[in-house]
Every structure is written in C-alpha cells, then in structure tokens.
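Worksheet: one structure, shown below.
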Number of protein chains: 2
Amino acid sequence: MKPIPLLIGIARFFAIGSLLALGARAHAQADPLPSWNNGPAKQAIVEFVQATTTQGSPKFVPPAERIATFDQDGTLWVSHPMYAQVMYCLQRVPAVVTAKPELKNVEPFKTVLSGNREAMAKLSMKDLEKILAATLTGISVDEFNAEVKKWLAAAKDPRWKRPYTELTYLPMQEVLKYLRANGYKTFIVTGGGQDFVRVYSEQVYGIPPEQVVGTAGGTKYGYDRSGKPFLTKEPRLLLNDDNAGKPEGIHLMIGRRPFAAFGNSTGDRQMLEYAKAGDGARLAMLVLHDDAKREYAYGPALGLPDTKVGTFTQALYDQAKKQGWTVISMKSDWKRIFAFEQ
Amino acid sequence: MKPIPLLIGIARFFAIGSLLALGARAHAQADPLPSWNNGPAKQAIVEFVQATTTQGSPKFVPPAERIATFDQDGTLWVSHPMYAQVMYCLQRVPAVVTAKPELKNVEPFKTVLSGNREAMAKLSMKDLEKILAATLTGISVDEFNAEVKKWLAAAKDPRWKRPYTELTYLPMQEVLKYLRANGYKTFIVTGGGQDFVRVYSEQVYGIPPEQVVGTAGGTKYGYDRSGKPFLTKEPRLLLNDDNAGKPEGIHLMIGRRPFAAFGNSTGDRQMLEYAKAGDGARLAMLVLHDDAKREYAYGPALGLPDTKVGTFTQALYDQAKKQGWTVISMKSDWKRIFAFEQ
C-alpha cells in the first residue's frame, strides 16, 4: 500500500463525513410541521420555539422551565359529536347494572339501558354526572385501567369506523413532537377524567401518565383478602379540571406556569390567560373547528349551533384577537387532519 | 512519509482508543454509592438497580415505568428536632399578625409571639394546624414562593448553623443520582407542604417541582386590578399526603406504582406497602435514625422516646423484617452523613 492512495482514502473519508454532516444539518432544518400550511399559526409556533430555545435569545427559557400544556378533547383528538369518555361511560352502564341490579329501573340508568338515542340525548347534566359517578368509581384502579383498555381496543368512532385512539390530529402530534425535540415537557390538561386519559396517553401522544392533568376524584387505600393493598376509585371530586380549574390543576400537578398552552373552547380560556400572563415569550393557541368536510364545523364563533363539546364563543374569539392568542383554522392551517388519510 | 510509520501511528491511535474505552468502562463501574459502607442496605440498592435495568434480566423494567419515590423529612434531610417547614410557619407569625392585627391576642398566635419556647412546645396539633393555615394560605402563589425563598436564604439549623438546604443526607443524594443515571424518575412524596418543598427541590435534590407530591391545598384563580390573573392559596385541603394519603397521592399525581420507595416513619408505611405489592423487583427502604453522635437517635424501635418527627415504631420495624423491606442504619450503613463534613 502506497501512502498517496491511503491519503486519498482518508481525504475521501472526511469528504463523506462532511457530506454526512451536511445531510444531518439539512435534516435538522427539515420542516418540523409538514402537515401545517404556511400561515400565521405555523409561523407563531416556529417563532415561539426559536425565541425560547436559541441560546442568547432575549426570550431564552432554561430547559427545566419549558412546560407546554394541551387540552385534549377537540384539541388533540376528535370530540364531536360526543366525548369518547362519555361513550365509554354510557356503554359501561349495562355492566354496572348487572353488578347493581337495583339500578335497573332507576333514572337515568333506565333510559341508557333502553338504548333510545332520542331520550338519551335529552339527559340533563345532572343525569350525566350520575352516570359518570356510577361508571367511573367504586372499582379498583387496576380494574378500571383494564376496563378502559378493553373498551378502547374494541370501540370505534361511528363516522370514521376507527378506534378513537386513531382520531388524533396529525398537525397537533407534530407540535407535540416538535416541542419535545426542543426540550419542552408536554402535558395534557383535560376536563376529561385523568385516570381515563392516562390509560392511553403514552401510546397515543407519547405523554406519560404523570404528565396528564385531568378531572380527578379521590381514591381509598385498602387491602384485599390476602392482605395485598389496592386503591378504590371514589366519587369524591378533588379537581374539576375545566375553566378556572385548569390553572388551578396546573399549579397542583405541575407547579409551574406553562410557556405554551393549546385549547379549543371556553373551558380553556383561563389556562391560556394564565400561560400568556407570564414573562417572556408565551404561546397561546385555540383550535377552531371550521372544517365541515374533513372534520366538523360547529360553535357560536362561526355562527353555528353550540354542540356543547368544546364551545367556541364569539367572546372567546374576540379575547384571542385582543390578547395575542393565535386561532388555528383547521380548514386553512391544516394540510392533513389524520395520519390515516393521505 | 512511509506507510509503516503511518500504520504504527494508526495502531497507536487505536491502542489509545482502547485505553480510553477501558477507562470509560472502569469509570462506569466506579462505586455509585461511595458514602455507603458495604452491607445489606447498599447491596439491596445495587442489586435492585442491576435487576431492573439490565436488558434480558427477568426483572427488567422498561425506562418509562422506572419510578422511585422518596419521603423527604428524615429520609432526605434532617427533620429533628423540628420540621423546617414548621420553623418557617412559626417565624412567619409576626408578619401574619402585622397584616391581621386582630390575631395579636388570639391563641395560638399570642403564644408564638411571646417567644416562650416552653409554652410553644406545649401547643396542640390543632393549634399547629391553625398556625399552618394562617401562614401558608391567603396569599398568592408567587408571594408564597418569594417568602419561602427569602426565608431559606437566611434561616439556619440551630445545631449545625447552616442553611436547612445543606442538611441533606449525602448517601441519599447518591441514591437519587444513581437511580436517575439508570433511567429512574425520582419523586418526592412528602407529608410536608407540596408548595413549600417545590421551592427548593430542584436546587437541593435535582427534582423538578412537577415531581414533588406533598400535602396540598386548593388555590383560587382570580385577577388583579390590572386584569392580570393569579392564584391565591386557600385553606382547603386537597391531599393529606401522609399514611394512606401517600399511595393515594402517588396515584393522583403520578398515576403509576413506584418500583422503589424510601421512608423513615410510620407515615411512610402505606407507600412502602404499595410499592412492594407490585410485580417484579421492588425496593422498599426505611432510614433508621440510630446515630446520636453524627445526627440523632430517636424513636420507639430503638427503645427511645417518640419525638413526633418521623415515628419509627417497633411494629414498623417488625413489618419491615417480615415483608422484605430494608432498614438503613445511619450509624452503620452511612460512611458520611453530610456533604459538608469530610
């Protein structure tokens, strides 16, 4: 072996190295939000991440403080025409009545058992609360987790005929990943049941149970016949994680003010206000369901009926404009809605 | 340049590389717990980490599930003769009375203001609760954080004449780091105030606020005169994070059963039971304060008086032996107690 070919070989090796390095750089600069159309919403996200994560930026945020919070229903996945968790509760009623036959002729259980959809649609908020309490509590934490897992594996959304866990918005999944790739800890802050969402949050959103804040009841510690300890879910509300309950829940469960917050309804108003009121760069965004074709269009801000699953009022829209929050139009800001659609 | 010297150079380069690799390996095998004497306690920790983190081990735990929980007072730092947080509350009383002069002649505030230590030592649990409620609530979260920070910077433990934040046990700091280096998420699960501990947990233990579970009250969302939102601490107990409240708090705030749990008193009993009742390798450890010279010796398990700051009963000791928990003797298991001592 002569030295010159060897040197050429070394030079080639380094050249390839440089090309690889260039490739890596190009990859790092690849669009982190490919399902978003260019526009103010996408721009707001990218500018926020750059401002808070670039060393030397006046709005730089130390990694330990990078907290982002996301509402779930209507923000990360489809909530129309009915919350998945409410579907779960309604479908659990027969099993609950089998275990407690005395409920069979008692309202609202009687109506749910009848299967009469028209009558069910007329159930009051109080009726619904009774159903939630009966179907979400009184069993052990382990039993509950197993039941929800079983239900999720079988249940399908009536329109898309797919498991609910596939009905997550691809553009929002990209935001979650983009923020995490930039050192943000992502949390779900949902009005839904904390224990319910925790069952699938890791698989669906890459968010571990300990980063899910939701409406939460107490549990009771006890022992089974063999002396083994277990926790029973109790109908004792600890945190109603909606409206003002969202910042209160964030304080209880996280203890820091988020730098970015995402929602889609009046229930998220206080969370966005709270995030936005902090110093430095803050990102507050609201998903507007204005895409009747690819998903749904609903709510007073669009002059459409309020469907009660994520109410977007005109007042919320006005507050967003006034306080520098960004409204995401599903119709114009999102190139794709779901991962399963091309 | 001749090829042979070049090849020798390459060979040398690789030899150095191998040496570096060997060095790195030796470093990786360096004692992760240098402040621990060899013995069953140290061995239990190392064996637990090896069993749960070695790929292919029958007791391997996926990284996402690696949760370890630590009581704070008496487990991670000194709690004798009085909890630091109680000191804080007592020393806050004058400021509270200045803000609310009507409390001046009302018990138990009158006694605290008198400075009569003998009378203060006789205050009942109910008196203490009144003091905690008055000094920990009624102000905004931001004001509270600032007050605690200010107090911690000035307050000193009467025996060591050092800030409380320096009175953490070096051997336990090593356990925290060792577990984290092996993919464990470390949580504090304290009977103390969640908001209080969160102020210094990151600086003192490397544990971020969102990984501190403690006794927690509600907050109330509101707006100041300029319309800026803020949270006020309320005297409404949400979680009494002691005894059965510990596993209940772990479920509320973490949502997973820990694989390792550390405590030092009967208040930690249920947390250790809960951790130990899970499948696979589980580590449950109790710090026994049996070192009158270097720290303190107290509690019924040692035939000594109960000081009410981490009661270690004979029944707890018996349960530990029966259920395979490991009792850590400060006196014989710990080579050093504090980082500031050589």
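To be explicit about the labels: the chains of the structure tokens are called A, B, and onward in the order shown, and within each one the residues are counted from 1, while ligands get numbers from 1 in the order they are shown.
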
Where does chain B meet chain A within 9 Å, residue by residue, with the nearest atom pair and distance in Å to one decimal for each, counting only C-alpha atoms, listed by chain and rising number, as a tab-separated table?
residue	atom	partner	partner_atom	distance
B:Met1	CA	A:Pro3	CA	7.1
B:Lys2	CA	A:Pro3	CA	6.6
B:Pro3	CA	A:Pro3	CA	5.5
B:Leu6	CA	A:Pro3	CA	8.4
B:Ala64	CA	A:Pro208	CA	7.5
B:Val141	CA	A:His251	CA	8.8
B:Gln194	CA	A:Leu252	CA	8.5
B:Asp195	CA	A:Gly255	CA	7.6
B:Arg198	CA	A:Gly255	CA	7.5
B:Pro208	CA	A:Ala64	CA	7.5
B:Pro209	CA	A:Gly255	CA	5.7
B:Glu210	CA	A:Ile254	CA	4.2
B:Gln211	CA	A:Ile254	CA	7.7
B:Val212	CA	A:Ile254	CA	8.6
B:Val213	CA	A:Met253	CA	8.2
B:Ala216	CA	A:Leu252	CA	7.3
B:Gly217	CA	A:Leu252	CA	8.2
B:Gly218	CA	A:Glu248	CA	7.4
B:Thr219	CA	A:Glu248	CA	5.9
B:Lys220	CA	A:Glu248	CA	6.7
B:Tyr221	CA	A:Ala244	CA	5.9
B:Gly222	CA	A:Ala244	CA	8.4
B:Lys228	CA	A:Ala277	CA	6.5
B:Pro229	CA	A:Tyr274	CA	6.1
B:Phe230	CA	A:Tyr274	CA	7.5
B:Leu231	CA	A:Glu248	CA	7.3
B:Leu238	CA	A:Leu238	CA	6.3
B:Leu239	CA	A:Leu238	CA	8.5
B:Ala244	CA	A:Tyr221	CA	5.9
B:Gly245	CA	A:Tyr221	CA	7.9
B:Pro247	CA	A:Tyr221	CA	7.2
B:Glu248	CA	A:Thr219	CA	5.9
B:Gly249	CA	A:Thr219	CA	8.8
B:His251	CA	A:Thr219	CA	8.0
B:Leu252	CA	A:Ala216	CA	7.4
B:Met253	CA	A:Met253	CA	6.2
B:Ile254	CA	A:Glu210	CA	4.2
B:Gly255	CA	A:Pro209	CA	5.7
B:Arg256	CA	A:Pro209	CA	7.3
B:Gln270	CA	A:Pro229	CA	8.3
B:Glu273	CA	A:Pro229	CA	7.0
B:Tyr274	CA	A:Pro229	CA	6.1
B:Ala277	CA	A:Lys228	CA	6.5

- Query: Which residues, written as a ChimeraX atom specification, have at least one atom at most 8 Å from range 157-173 of chain B, with only C-alpha atoms counted and residues fewer than 3 positions away on the same chain left out?
  - Reply: /B:33-36,75-78,84,152-154,176-177,200,204-205,334,336-340

Surrounding residues of Ser332 in chain B excluding itself and chain neighbours under 5 positions, 10 Å, only C-alpha atoms, as a compact mmCIF listing (two decimals) with N, CA and C atoms, in the first residue's frame:
# COMPACT_ATOMS: atom_id res chain seq x y z
N TRP B 36 -21.68 5.04 51.23
CA TRP B 36 -22.31 3.89 51.90
C TRP B 36 -21.24 2.87 52.26
N ASN B 37 -21.33 2.33 53.47
CA ASN B 37 -20.50 1.18 53.82
C ASN B 37 -21.06 -0.06 53.14
N ASN B 38 -20.19 -1.01 52.84
CA ASN B 38 -20.69 -2.26 52.28
C ASN B 38 -21.55 -2.95 53.32
N GLY B 39 -22.64 -3.54 52.86
CA GLY B 39 -23.57 -4.18 53.80
C GLY B 39 -24.87 -4.44 53.08
N ALA B 41 -27.78 -3.04 53.09
CA ALA B 41 -28.55 -1.90 52.56
C ALA B 41 -27.99 -1.49 51.20
N ASP B 290 -30.41 6.17 64.13
CA ASP B 290 -29.77 5.50 65.27
C ASP B 290 -28.35 6.03 65.50
N ASP B 291 -28.12 7.26 65.04
CA ASP B 291 -26.77 7.81 65.13
C ASP B 291 -26.77 9.08 65.97

- Extract, using only C-alpha atoms, all DNA, RNA and protein residues at most 8 Å from range 300-315 of chain A, discarding same-chain residues fewer than 5 positions from it, and format them as a PyMOL selection string. chain A and resi 73-74+79-83+264-267+288+290

Go ahead and write the selection's residues with C-alpha atoms as a tab-separated table (two decimals), in the first residue's frame.
chain	number	residue	atom	x	y	z
A	73	ASP	CA	-60.87	16.82	23.53
A	74	GLY	CA	-61.16	18.88	20.37
A	79	SER	CA	-64.57	15.23	20.46
A	80	HIS	CA	-67.61	15.66	18.21
A	81	PRO	CA	-70.44	14.62	18.35
A	82	MET	CA	-69.72	13.11	21.77
A	83	TYR	CA	-66.68	12.82	24.03
A	264	ASN	CA	-60.28	24.80	21.64
A	265	SER	CA	-63.06	26.07	23.88
A	266	THR	CA	-64.19	28.41	26.63
A	267	GLY	CA	-63.10	25.71	29.11
A	288	LEU	CA	-61.22	26.40	15.63
A	290	ASP	CA	-64.31	25.20	10.93

- Message: Among range 124-290 of chain B, which ones does DSSP assign to strand (DSSP E or B) (computed from the backbone)? Answer as a ChimeraX atom specification.
- Response: /B:140,168-169,185-193,212-223,229-239,260-263,283-288,290

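Put simply, CA of Asp71 in chain A is 13.1 Å away from CA of Val175 in chain A.
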
- Message: Please compute the CA of Ala284 in chain A-CA of Phe48 in chain A distance, one decimal, in Å.
- Response: 10.2 Å

Could you pull the residues within 7 Å of Met120 in chain A, counting only C-alpha atoms, minus those fewer than 4 positions along the same chain, as a CSV table (one decimal) with N, CA and C atoms, in the first residue's frame?
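Final output, around-v8.csv:
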chain,number,residue,atom,x,y,z
A,111,THR,N,-83.1,4.9,31.2
A,111,THR,CA,-83.1,5.5,29.8
A,111,THR,C,-81.9,5.0,29.0
A,112,VAL,N,-80.7,4.9,29.7
A,112,VAL,CA,-79.5,4.4,29.0
A,112,VAL,C,-79.7,3.0,28.5
A,116,ASN,N,-82.7,4.1,23.7
A,116,ASN,CA,-83.4,5.1,22.9
A,116,ASN,C,-82.5,6.3,22.8

- Message: as a list in words, please: the residues near Ile67 in chain B (cut-off 7 Å, only C-alpha atoms, same-chain neighbours under 4 positions excluded).
- Response: Tyr184, Lys185, Thr186, Pro258, Phe259 and Ala260 of chain B

- Task: as a PyMOL selection string, list the residues of range 132-184 of chain B assigned to helix (DSSP H, G or I) by DSSP on the backbone atoms of this structure.
- Result: chain B and resi 132-136+141-154+164-166+170-181

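If you look at CA of Glu341 in chain A and CA of Cys89 in chain A, they are 28.9 Å away from each other.
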